[in-house]
$ cat structure37.cif   # mmCIF, C-alpha atoms and all ligand atoms
data_coords
loop_
_atom_site.group_PDB
_atom_site.id
_atom_site.type_symbol
_atom_site.label_atom_id
_atom_site.label_comp_id
_atom_site.auth_asym_id
_atom_site.auth_seq_id
_atom_site.Cartn_x
_atom_site.Cartn_y
_atom_site.Cartn_z
ATOM 1 C CA MET A 132 40.284 18.012 12.436
ATOM 2 C CA THR A 133 39.053 16.479 15.674
ATOM 3 C CA ILE A 134 36.315 13.837 15.690
ATOM 4 C CA ALA A 135 33.945 16.296 17.389
ATOM 5 C CA ALA A 136 34.574 18.950 14.712
ATOM 6 C CA ARG A 137 34.093 16.421 11.927
ATOM 7 C CA THR A 138 30.855 15.125 13.466
ATOM 8 C CA LEU A 139 29.634 18.706 13.771
ATOM 9 C CA ARG A 140 30.553 19.442 10.155
ATOM 10 C CA ASN A 141 28.775 16.282 8.934
ATOM 11 C CA GLY A 142 25.795 17.144 11.116
ATOM 12 C CA ILE A 143 25.574 20.620 9.597
ATOM 13 C CA GLY A 144 25.843 19.027 6.147
ATOM 14 C CA LEU A 145 22.937 16.677 6.948
ATOM 15 C CA VAL A 146 20.771 19.507 8.278
ATOM 16 C CA ALA A 147 21.544 21.579 5.152
ATOM 17 C CA LEU A 148 20.617 18.609 2.968
ATOM 18 C CA LEU A 149 17.309 18.129 4.807
ATOM 19 C CA ALA A 150 16.553 21.851 4.563
ATOM 20 C CA ALA A 151 17.327 21.804 0.834
ATOM 21 C CA THR A 152 14.929 18.894 0.333
ATOM 22 C CA ALA A 153 12.268 20.694 2.350
ATOM 23 C CA ALA A 154 12.548 23.658 0.006
ATOM 24 C CA LEU A 155 11.875 21.457 -3.014
ATOM 25 C CA GLY A 156 8.150 21.332 -2.366
ATOM 26 C CA ALA A 157 5.902 18.620 -3.689
ATOM 27 C CA ASP A 158 7.582 17.601 -6.930
ATOM 28 C CA PRO A 159 10.092 14.784 -6.521
ATOM 29 C CA GLN A 160 13.513 15.654 -7.944
ATOM 30 C CA PRO A 161 16.134 13.369 -9.516
ATOM 31 C CA TRP A 162 18.375 11.958 -6.783
ATOM 32 C CA GLN A 163 16.186 13.404 -4.068
ATOM 33 C CA LEU A 164 17.128 11.603 -0.864
ATOM 34 C CA ASN A 165 14.513 12.636 1.645
ATOM 35 C CA MET A 166 10.736 12.461 1.384
ATOM 36 C CA GLY A 167 8.959 15.689 0.460
ATOM 37 C CA PRO A 168 7.151 17.899 2.989
ATOM 38 C CA GLY A 169 3.916 17.824 1.004
ATOM 39 C CA VAL A 170 1.223 20.463 0.673
ATOM 40 C CA THR A 171 -0.952 20.061 3.772
ATOM 41 C CA GLU A 172 -0.452 20.940 7.425
ATOM 42 C CA VAL A 173 -0.594 17.235 8.318
ATOM 43 C CA SER A 174 1.900 16.220 5.623
ATOM 44 C CA ARG A 175 4.351 18.817 6.960
ATOM 45 C CA GLU A 176 3.890 17.425 10.479
ATOM 46 C CA VAL A 177 4.550 13.922 9.144
ATOM 47 C CA TYR A 178 7.670 15.240 7.419
ATOM 48 C CA TRP A 179 8.861 16.941 10.600
ATOM 49 C CA ILE A 180 8.337 13.792 12.702
ATOM 50 C CA HIS A 181 10.125 11.734 10.055
ATOM 51 C CA ASN A 182 13.146 14.071 10.242
ATOM 52 C CA LEU A 183 13.054 14.136 14.051
ATOM 53 C CA ILE A 184 13.027 10.343 14.289
ATOM 54 C CA LEU A 185 15.684 10.000 11.596
ATOM 55 C CA GLY A 186 17.843 12.408 13.639
ATOM 56 C CA ILE A 187 17.288 10.420 16.847
ATOM 57 C CA CYS A 188 18.162 7.174 15.017
ATOM 58 C CA VAL A 189 21.345 8.727 13.593
ATOM 59 C CA VAL A 190 22.463 9.910 17.051
ATOM 60 C CA ILE A 191 21.718 6.491 18.616
ATOM 61 C CA GLY A 192 23.514 4.756 15.733
ATOM 62 C CA LEU A 193 26.604 6.951 16.134
ATOM 63 C CA MET A 194 26.682 6.375 19.911
ATOM 64 C CA VAL A 195 26.188 2.585 19.761
ATOM 65 C CA PHE A 196 28.603 1.930 16.898
ATOM 66 C CA GLY A 197 31.035 4.488 18.328
ATOM 67 C CA ALA A 198 31.050 2.705 21.708
ATOM 68 C CA MET A 199 31.440 -0.682 20.018
ATOM 69 C CA GLY A 200 34.272 0.522 17.805
ATOM 70 C CA TYR A 201 36.027 2.188 20.714
ATOM 71 C CA ALA A 202 35.682 -0.923 22.914
ATOM 72 C CA MET A 203 36.981 -3.223 20.180
ATOM 73 C CA PHE A 204 39.963 -0.976 19.541
ATOM 74 C CA ALA A 205 40.889 0.125 23.074
ATOM 75 C CA PHE A 206 40.388 -3.250 24.765
ATOM 76 C CA ARG A 207 41.860 -5.521 22.104
ATOM 77 C CA LYS A 208 43.656 -8.746 23.026
ATOM 78 C CA SER A 209 47.034 -7.641 21.627
ATOM 79 C CA LYS A 210 47.003 -4.801 24.183
ATOM 80 C CA GLY A 211 46.627 -7.396 26.936
ATOM 81 C CA ALA A 212 42.976 -6.719 27.748
ATOM 82 C CA VAL A 213 41.562 -9.094 30.357
ATOM 83 C CA PRO A 214 37.778 -9.850 30.296
ATOM 84 C CA ALA A 215 35.805 -8.835 33.368
ATOM 85 C CA THR A 216 34.261 -11.674 35.371
ATOM 86 C CA PHE A 217 30.988 -10.081 36.574
ATOM 87 C CA SER A 218 27.789 -11.126 34.781
ATOM 88 C CA HIS A 219 25.099 -8.707 36.091
ATOM 89 C CA ASN A 220 24.927 -5.049 36.950
ATOM 90 C CA THR A 221 21.559 -3.874 38.221
ATOM 91 C CA THR A 222 22.301 -0.172 37.790
ATOM 92 C CA ALA A 223 23.399 -0.640 34.160
ATOM 93 C CA GLU A 224 20.345 -2.798 33.419
ATOM 94 C CA ILE A 225 17.957 -0.213 34.849
ATOM 95 C CA ILE A 226 19.660 2.558 32.859
ATOM 96 C CA TRP A 227 19.571 0.696 29.547
ATOM 97 C CA THR A 228 15.895 -0.098 30.074
ATOM 98 C CA VAL A 229 14.745 3.335 31.233
ATOM 99 C CA ILE A 230 16.596 5.439 28.649
ATOM 100 C CA PRO A 231 15.141 3.619 25.599
ATOM 101 C CA ILE A 232 11.652 3.858 27.184
ATOM 102 C CA LEU A 233 12.072 7.616 27.536
ATOM 103 C CA ILE A 234 13.284 7.878 23.929
ATOM 104 C CA LEU A 235 10.304 5.812 22.706
ATOM 105 C CA VAL A 236 7.856 7.991 24.639
ATOM 106 C CA ALA A 237 9.497 11.115 23.208
ATOM 107 C CA MET A 238 8.989 9.721 19.697
ATOM 108 C CA ALA A 239 5.481 8.352 20.306
ATOM 109 C CA TRP A 240 4.158 11.634 21.715
ATOM 110 C CA PRO A 241 4.263 13.757 18.510
ATOM 111 C CA ALA A 242 3.533 10.727 16.309
ATOM 112 C CA THR A 243 0.333 9.861 18.217
ATOM 113 C CA LYS A 244 -0.793 13.490 18.250
ATOM 114 C CA THR A 245 -0.483 13.642 14.461
ATOM 115 C CA LEU A 246 -2.150 10.230 14.029
ATOM 116 C CA PHE A 247 -5.186 11.423 15.985
ATOM 117 C CA LYS A 248 -5.304 14.498 13.778
ATOM 118 C CA MET A 249 -5.103 12.364 10.633
ATOM 119 C CA TYR A 250 -8.093 10.279 11.721
ATOM 120 C CA ASP A 251 -10.310 13.257 12.566
ATOM 121 C CA THR A 252 -12.405 13.662 9.419
ATOM 122 C CA SER A 253 -15.063 15.799 11.147
ATOM 123 C CA GLU A 254 -16.225 19.169 9.831
ATOM 124 C CA SER A 255 -15.234 18.524 6.242
ATOM 125 C CA GLU A 256 -16.753 20.662 3.492
ATOM 126 C CA LEU A 257 -16.266 18.239 0.632
ATOM 127 C CA THR A 258 -16.621 14.459 0.458
ATOM 128 C CA VAL A 259 -14.945 12.495 -2.304
ATOM 129 C CA LYS A 260 -15.618 8.802 -2.731
ATOM 130 C CA VAL A 261 -12.698 6.916 -4.236
ATOM 131 C CA THR A 262 -13.265 3.422 -5.619
ATOM 132 C CA GLY A 263 -10.400 1.252 -6.812
ATOM 133 C CA TYR A 264 -10.947 -1.037 -9.796
ATOM 134 C CA GLN A 265 -8.591 -3.270 -11.747
ATOM 135 C CA TRP A 266 -7.014 -0.981 -13.037
ATOM 136 C CA MET A 267 -8.462 2.490 -12.723
ATOM 137 C CA TRP A 268 -9.953 4.841 -10.152
ATOM 138 C CA LYS A 269 -13.495 6.094 -9.881
ATOM 139 C CA TYR A 270 -14.139 9.442 -8.204
ATOM 140 C CA GLU A 271 -17.492 10.654 -6.975
ATOM 141 C CA ILE A 272 -17.938 14.109 -5.471
ATOM 142 C CA LEU A 273 -20.594 13.045 -2.974
ATOM 143 C CA ASN A 274 -21.219 16.485 -1.586
ATOM 144 C CA TYR A 275 -19.752 19.941 -1.455
ATOM 145 C CA ARG A 276 -20.750 22.323 1.328
ATOM 146 C CA GLY A 277 -23.767 20.220 2.210
ATOM 147 C CA GLU A 278 -25.026 19.894 -1.373
ATOM 148 C CA SER A 279 -24.894 16.690 -3.393
ATOM 149 C CA THR A 280 -23.260 17.276 -6.756
ATOM 150 C CA GLY A 281 -24.036 14.257 -8.967
ATOM 151 C CA VAL A 282 -20.469 14.366 -10.288
ATOM 152 C CA GLY A 283 -18.633 11.097 -10.792
ATOM 153 C CA PHE A 284 -16.143 9.801 -13.323
ATOM 154 C CA ILE A 285 -13.489 7.202 -14.078
ATOM 155 C CA SER A 286 -9.831 8.176 -14.196
ATOM 156 C CA ARG A 287 -7.450 5.990 -16.217
ATOM 157 C CA LEU A 288 -3.862 5.936 -17.397
ATOM 158 C CA ASP A 289 -3.414 8.564 -20.142
ATOM 159 C CA GLU A 290 -3.296 7.417 -23.755
ATOM 160 C CA ALA A 291 0.330 8.416 -24.412
ATOM 161 C CA SER A 292 1.633 6.353 -21.480
ATOM 162 C CA ASN A 293 -0.653 3.482 -22.365
ATOM 163 C CA ALA A 294 0.592 3.386 -25.963
ATOM 164 C CA ALA A 295 4.244 3.557 -24.905
ATOM 165 C CA ARG A 296 3.913 0.791 -22.309
ATOM 166 C CA GLN A 297 2.690 -1.829 -24.807
ATOM 167 C CA LEU A 298 5.191 -4.577 -25.555
ATOM 168 C CA GLY A 299 7.151 -3.684 -28.710
ATOM 169 C CA SER A 300 5.481 -0.277 -29.024
ATOM 170 C CA GLY A 301 8.774 1.241 -30.179
ATOM 171 C CA ILE A 302 7.938 4.406 -28.225
ATOM 172 C CA ASP A 303 10.665 5.639 -25.907
ATOM 173 C CA PRO A 304 9.061 6.075 -22.473
ATOM 174 C CA LYS A 305 11.427 9.005 -21.849
ATOM 175 C CA SER A 306 9.671 10.844 -24.684
ATOM 176 C CA VAL A 307 6.344 10.642 -22.837
ATOM 177 C CA GLU A 308 5.720 13.445 -20.356
ATOM 178 C CA ASN A 309 4.940 12.108 -16.871
ATOM 179 C CA TYR A 310 5.183 8.553 -18.171
ATOM 180 C CA LEU A 311 2.852 6.272 -16.136
ATOM 181 C CA LEU A 312 2.043 9.231 -13.858
ATOM 182 C CA ASN A 313 -0.617 10.863 -15.989
ATOM 183 C CA VAL A 314 -4.346 10.202 -16.347
ATOM 184 C CA ASP A 315 -7.048 11.021 -18.865
ATOM 185 C CA LYS A 316 -9.196 12.827 -16.287
ATOM 186 C CA PRO A 317 -7.590 14.184 -13.119
ATOM 187 C CA LEU A 318 -9.369 14.676 -9.823
ATOM 188 C CA VAL A 319 -9.928 18.404 -9.319
ATOM 189 C CA LEU A 320 -9.989 19.574 -5.709
ATOM 190 C CA PRO A 321 -10.267 22.987 -4.050
ATOM 191 C CA VAL A 322 -7.501 24.424 -1.876
ATOM 192 C CA ASP A 323 -8.113 25.668 1.681
ATOM 193 C CA THR A 324 -10.986 23.204 2.096
ATOM 194 C CA LYS A 325 -11.175 20.237 4.436
ATOM 195 C CA ILE A 326 -11.742 17.343 2.058
ATOM 196 C CA ARG A 327 -12.932 14.015 3.391
ATOM 197 C CA PHE A 328 -12.121 10.940 1.355
ATOM 198 C CA VAL A 329 -14.062 7.720 1.662
ATOM 199 C CA LEU A 330 -12.213 4.886 0.022
ATOM 200 C CA THR A 331 -13.312 1.468 -1.096
ATOM 201 C CA ALA A 332 -12.698 -1.005 -3.928
ATOM 202 C CA ASP A 333 -14.832 -3.125 -6.201
ATOM 203 C CA ASP A 334 -12.611 -6.135 -6.857
ATOM 204 C CA VAL A 335 -9.330 -6.501 -4.971
ATOM 205 C CA ILE A 336 -7.454 -4.352 -2.444
ATOM 206 C CA HIS A 337 -5.948 -1.167 -3.872
ATOM 207 C CA SER A 338 -4.391 1.744 -2.037
ATOM 208 C CA TRP A 339 -4.834 5.427 -2.876
ATOM 209 C CA TRP A 340 -1.577 7.270 -2.428
ATOM 210 C CA VAL A 341 -0.632 10.836 -3.290
ATOM 211 C CA PRO A 342 2.639 11.483 -1.401
ATOM 212 C CA ALA A 343 2.100 15.278 -1.325
ATOM 213 C CA LEU A 344 -0.990 14.736 0.866
ATOM 214 C CA GLY A 345 1.062 12.876 3.468
ATOM 215 C CA TRP A 346 -0.877 9.618 3.679
ATOM 216 C CA LYS A 347 -1.979 6.541 1.807
ATOM 217 C CA GLN A 348 -5.171 4.675 2.524
ATOM 218 C CA ASP A 349 -6.190 1.154 1.549
ATOM 219 C CA ALA A 350 -9.230 0.774 -0.703
ATOM 220 C CA ILE A 351 -10.775 -2.555 0.327
ATOM 221 C CA PRO A 352 -13.857 -4.265 -1.156
ATOM 222 C CA GLY A 353 -16.727 -4.216 1.365
ATOM 223 C CA ILE A 354 -14.987 -1.751 3.682
ATOM 224 C CA VAL A 355 -15.090 2.036 3.672
ATOM 225 C CA ASN A 356 -11.907 3.692 4.898
ATOM 226 C CA GLU A 357 -11.609 7.376 5.612
ATOM 227 C CA ALA A 358 -8.934 10.016 5.273
ATOM 228 C CA TRP A 359 -8.791 13.766 4.822
ATOM 229 C CA ALA A 360 -6.665 16.527 3.378
ATOM 230 C CA ASN A 361 -6.662 20.298 3.407
ATOM 231 C CA ILE A 362 -4.395 21.326 0.537
ATOM 232 C CA ASP A 363 -2.957 24.820 0.953
ATOM 233 C CA VAL A 364 -0.824 25.071 -2.187
ATOM 234 C CA PRO A 365 -2.464 24.990 -5.642
ATOM 235 C CA GLY A 366 -0.756 22.602 -8.051
ATOM 236 C CA THR A 367 -0.709 19.185 -9.664
ATOM 237 C CA TYR A 368 0.065 16.268 -7.393
ATOM 238 C CA ARG A 369 0.700 12.779 -8.659
ATOM 239 C CA GLY A 370 0.471 9.393 -7.044
ATOM 240 C CA GLN A 371 -0.035 5.720 -7.690
ATOM 241 C CA CYS A 372 -1.884 2.671 -6.477
ATOM 242 C CA ALA A 373 0.206 1.444 -3.554
ATOM 243 C CA GLU A 374 -1.168 -2.059 -3.094
ATOM 244 C CA LEU A 375 -0.171 -4.821 -5.503
ATOM 245 C CA CYS A 376 -3.534 -5.401 -7.193
ATOM 246 C CA GLY A 377 -2.832 -7.488 -10.262
ATOM 247 C CA LYS A 378 -1.026 -7.321 -13.586
ATOM 248 C CA ASP A 379 -1.716 -3.639 -14.282
ATOM 249 C CA HIS A 380 -1.050 -2.404 -10.744
ATOM 250 C CA GLY A 381 1.702 -0.168 -12.114
ATOM 251 C CA PHE A 382 -0.684 1.424 -14.621
ATOM 252 C CA MET A 383 -3.345 3.093 -12.476
ATOM 253 C CA PRO A 384 -1.823 6.438 -11.484
ATOM 254 C CA ILE A 385 -3.536 9.256 -9.618
ATOM 255 C CA VAL A 386 -3.469 12.936 -10.561
ATOM 256 C CA VAL A 387 -4.896 15.630 -8.296
ATOM 257 C CA HIS A 388 -5.318 19.201 -9.554
ATOM 258 C CA ALA A 389 -5.623 21.559 -6.597
ATOM 259 C CA VAL A 390 -7.250 24.818 -7.677
ATOM 260 C CA SER A 391 -8.948 27.795 -6.041
ATOM 261 C CA ARG A 392 -12.457 27.303 -4.671
ATOM 262 C CA ALA A 393 -13.960 29.441 -7.432
ATOM 263 C CA GLU A 394 -12.207 27.378 -10.121
ATOM 264 C CA PHE A 395 -13.307 24.178 -8.410
ATOM 265 C CA GLU A 396 -16.935 25.345 -8.352
ATOM 266 C CA GLY A 397 -16.666 26.202 -12.050
ATOM 267 C CA TRP A 398 -15.259 22.743 -12.801
ATOM 268 C CA LEU A 399 -17.970 21.099 -10.693
ATOM 269 C CA THR A 400 -20.726 22.924 -12.585
ATOM 270 C CA SER A 401 -19.243 22.017 -15.966
ATOM 271 C CA GLN A 402 -19.098 18.256 -15.290
ATOM 272 C CA PRO A 403 -21.530 15.933 -17.073
ATOM 273 C CA GLY A 404 -24.448 15.049 -14.808
ATOM 274 C CA SER A 405 -23.632 17.867 -12.406
ATOM 275 C CA THR A 406 -26.516 19.015 -10.244
ATOM 276 C CA PHE A 407 -24.311 21.602 -8.580
ATOM 277 C CA THR A 408 -25.514 25.028 -9.579
ATOM 278 C CA ARG A 409 -22.933 27.636 -8.961
ATOM 279 C CA ALA A 410 -25.158 30.394 -10.335
ATOM 280 C CA GLU A 411 -27.850 29.651 -7.752
ATOM 281 C CA ARG A 412 -25.232 29.497 -5.071
ATOM 282 C CA THR A 413 -23.800 32.855 -6.055
ATOM 283 C CA ALA A 414 -27.321 34.276 -6.319
ATOM 284 C CA GLN A 415 -28.149 33.010 -2.834
ATOM 285 C CA ALA A 416 -24.929 34.491 -1.501
ATOM 286 C CA ASP A 417 -25.744 37.776 -3.235
ATOM 287 C CA SER A 418 -29.274 37.898 -1.859
ATOM 288 C CA THR A 419 -28.005 37.359 1.684
ATOM 289 C CA ASP A 420 -25.270 39.928 1.162
ATOM 290 C CA SER A 421 -27.540 42.565 -0.344
ATOM 291 C CA VAL A 422 -29.905 42.989 2.572
ATOM 292 C CA VAL A 423 -29.534 46.748 2.505
ATOM 293 C CA PRO A 424 -32.135 48.838 4.315
ATOM 294 C CA THR A 425 -34.228 50.641 1.724
ATOM 295 C CA GLN A 426 -34.373 54.372 2.076
ATOM 296 C CA GLY A 427 -37.374 56.657 1.786
HETATM 297 CU CU CU B 1 -4.547 -1.010 -7.606
#
$ encode --input "structure37.cif" --output "structure tokens" --more "lines below"
Ligand SMILES: [Cu+2]
Amino acid sequence: MTIAARTLRNGIGLVALLAATAALGADPQPWQLNMGPGVTEVSREVYWIHNLILGICVVIGLMVFGAMGYAMFAFRKSKGAVPATFSHNTTAEIIWTVIPILILVAMAWPATKTLFKMYDTSESELTVKVTGYQWMWKYEILNYRGESTGVGFISRLDEASNAARQLGSGIDPKSVENYLLNVDKPLVLPVDTKIRFVLTADDVIHSWWVPALGWKQDAIPGIVNEAWANIDVPGTYRGQCAELCGKDHGFMPIVVHAVSRAEFEGWLTSQPGSTFTRAERTAQADSTDSVVPTQG
């Protein structure tokens, strides 16, 4: 098999591997090599850019190490190679400056476009405030479709994981489902809705990270950071605090339940302290819908 054929075969293998990982969806799999594509338009763009840049790096790596290997082998001393005596070559220097610049621009173009998109939190329908504490998360649904909801709660590591993690607990962590990745009260979010997150912390720096959403954002005391997501696949997405925040940093997971808008509204209404009244909303919608001209 020629080198070209082998490279092609390996290339096809790599592409197949990437495609297989893309098909896996949001749940990480044992021995998964690549990152997941996530469940938002932005996360899929991030995934695509990641693959593109990985591909470019692989090609550059093959070319550079290939040229080095070839030069070392073909021009070795035992073959009587004589070193050249020139020290500068303007044409070569211009080429090896311009080509990398063009490659960098080609990589920066899609990356910057997606970054701008990630920072545009305008026209959101739902605002969730996330506050990091040592060692739990607080969620407040500040408003949904222009209406404040009064819903807020603390989300902590679930009891089963917490019991198993204690020193000398005698509980096999493998027997606990979603060990260290489960909470007592997950954050419920609607699909097909632009959700704005405002993130802060009350003690030290934490970082809110759900890989399926395609971003992580620092939660810093005294600072409000923003991010957004529009989840288009219902499901359960898990994450963790991604900023070393003290002894229990590894024990403050994140669980997001993405459900339909109707289910989300039902959940919102059922929460303690909720001022969100789905019935009124539905009634309002009905009254606007039922403007039927009366006959007779
Ligand atoms: Cu933390």
$ residues_near_ligand --input "structure37.cif" --ligand "ligand CU 1 (chain B)" --cutoff "12 Å" --atoms "only C-alpha atoms and all ligand atoms" --output "PyMOL selection string"
chain A and resi 261-269+287+331-340+348-352+370-385
$ atom_distance --input "structure37.cif" --atom1 "CA of Tyr275 (chain A)" --atom2 "CA of Asn313 (chain A)"
25.7 Å
$ closest_residue --input "structure37.cif" --among "A:Glu396, A:Asp323, A:Glu290, A:Glu176" --to "Ala242 (chain A)" --atoms "all atoms listed in the file"
A:Glu176
$ residues_around --input "structure37.cif" --residues "Pro403 (chain A)" --least-positions-apart "2" --cutoff "12 Å" --atoms "all atoms listed in the file" --output "ChimeraX atom specification"
/A:280-284,398-401,405-407
$ residues_near_point --input "structure37.cif" --point "(-3.5, 22.3, 5.5)" --cutoff "6 Å" --atoms "all atoms listed in the file" --output "PyMOL selection string"
chain A and resi 171-172+361-363
$ closest_residue --input "structure37.cif" --among "A:Phe328, A:Ala294, A:Val307, A:Gln402" --to "Tyr250 (chain A)" --atoms "only C-alpha atoms"
A:Phe328
$ atom_distance --input "structure37.cif" --atom1 "CA of Thr222 (chain A)" --atom2 "CA of Met203 (chain A)"
23.1 Å
$ atom_distance --input "structure37.cif" --atom1 "CA of Gly353 (chain A)" --atom2 "CA of Lys316 (chain A)"
25.7 Å
$ closest_residue --input "structure37.cif" --among "A:Leu246, A:Ile232, A:Ile302, A:Leu344" --to "Ser174 (chain A)" --atoms "only C-alpha atoms"
A:Leu344
$ resolve_selection --input "structure37.cif" --expression "the PyMOL selection byres (((chain A and resi 366) around 12) and not hetatm)" --output "PyMOL selection string"
chain A and resi 156-158+169-170+317-322+343-344+362-365+367-369+386-391
$ decode --input "structure37.cif" --residues "region 182-235 of chain A" --atoms "C-alpha atoms" --output "mmCIF file, in the first residue's frame"
data_model
loop_
_atom_site.group_PDB
_atom_site.id
_atom_site.type_symbol
_atom_site.label_atom_id
_atom_site.label_comp_id
_atom_site.auth_asym_id
_atom_site.auth_seq_id
_atom_site.Cartn_x
_atom_site.Cartn_y
_atom_site.Cartn_z
ATOM 1 C CA ASN A 182 -13.470 19.351 14.175
ATOM 2 C CA LEU A 183 -12.406 21.781 11.438
ATOM 3 C CA ILE A 184 -9.488 23.089 13.493
ATOM 4 C CA LEU A 185 -8.510 19.595 14.617
ATOM 5 C CA GLY A 186 -8.446 18.595 10.926
ATOM 6 C CA ILE A 187 -6.287 21.599 9.995
ATOM 7 C CA CYS A 188 -3.892 20.801 12.871
ATOM 8 C CA VAL A 189 -3.650 17.151 11.779
ATOM 9 C CA VAL A 190 -2.832 18.154 8.182
ATOM 10 C CA ILE A 191 -0.208 20.697 9.339
ATOM 11 C CA GLY A 192 1.260 18.123 11.739
ATOM 12 C CA LEU A 193 1.524 15.489 8.997
ATOM 13 C CA MET A 194 3.160 17.968 6.592
ATOM 14 C CA VAL A 195 5.685 19.370 9.101
ATOM 15 C CA PHE A 196 6.705 16.038 10.622
ATOM 16 C CA GLY A 197 6.628 14.411 7.179
ATOM 17 C CA ALA A 198 9.016 17.051 5.789
ATOM 18 C CA MET A 199 11.279 16.732 8.831
ATOM 19 C CA GLY A 200 11.339 12.947 8.642
ATOM 20 C CA TYR A 201 11.994 13.002 4.915
ATOM 21 C CA ALA A 202 14.812 15.562 5.284
ATOM 22 C CA MET A 203 16.464 13.608 8.096
ATOM 23 C CA PHE A 204 16.307 10.386 6.111
ATOM 24 C CA ALA A 205 17.097 11.598 2.581
ATOM 25 C CA PHE A 206 19.869 14.031 3.529
ATOM 26 C CA ARG A 207 21.621 11.990 6.206
ATOM 27 C CA LYS A 208 25.378 12.244 6.746
ATOM 28 C CA SER A 209 26.080 8.604 5.823
ATOM 29 C CA LYS A 210 24.704 9.371 2.341
ATOM 30 C CA GLY A 211 27.285 12.144 2.024
ATOM 31 C CA ALA A 212 24.902 15.077 2.431
ATOM 32 C CA VAL A 213 26.670 18.442 2.482
ATOM 33 C CA PRO A 214 25.022 21.355 4.404
ATOM 34 C CA ALA A 215 24.052 24.391 2.355
ATOM 35 C CA THR A 216 25.908 27.610 3.161
ATOM 36 C CA PHE A 217 23.173 30.240 2.610
ATOM 37 C CA SER A 218 21.554 31.735 5.721
ATOM 38 C CA HIS A 219 18.567 33.764 4.389
ATOM 39 C CA ASN A 220 15.973 33.325 1.702
ATOM 40 C CA THR A 221 13.519 36.191 1.381
ATOM 41 C CA THR A 222 11.026 34.274 -0.753
ATOM 42 C CA ALA A 223 10.906 31.354 1.709
ATOM 43 C CA GLU A 224 10.531 33.738 4.660
ATOM 44 C CA ILE A 225 7.632 35.575 3.030
ATOM 45 C CA ILE A 226 5.923 32.270 2.194
ATOM 46 C CA TRP A 227 6.261 30.823 5.692
ATOM 47 C CA THR A 228 4.885 34.038 7.173
ATOM 48 C CA VAL A 229 1.983 34.558 4.773
ATOM 49 C CA ILE A 230 0.681 30.977 4.696
ATOM 50 C CA PRO A 231 0.274 30.664 8.500
ATOM 51 C CA ILE A 232 -1.449 34.095 8.547
ATOM 52 C CA LEU A 233 -3.930 32.882 5.940
ATOM 53 C CA ILE A 234 -4.528 29.675 7.917
ATOM 54 C CA LEU A 235 -5.076 31.677 11.131
#
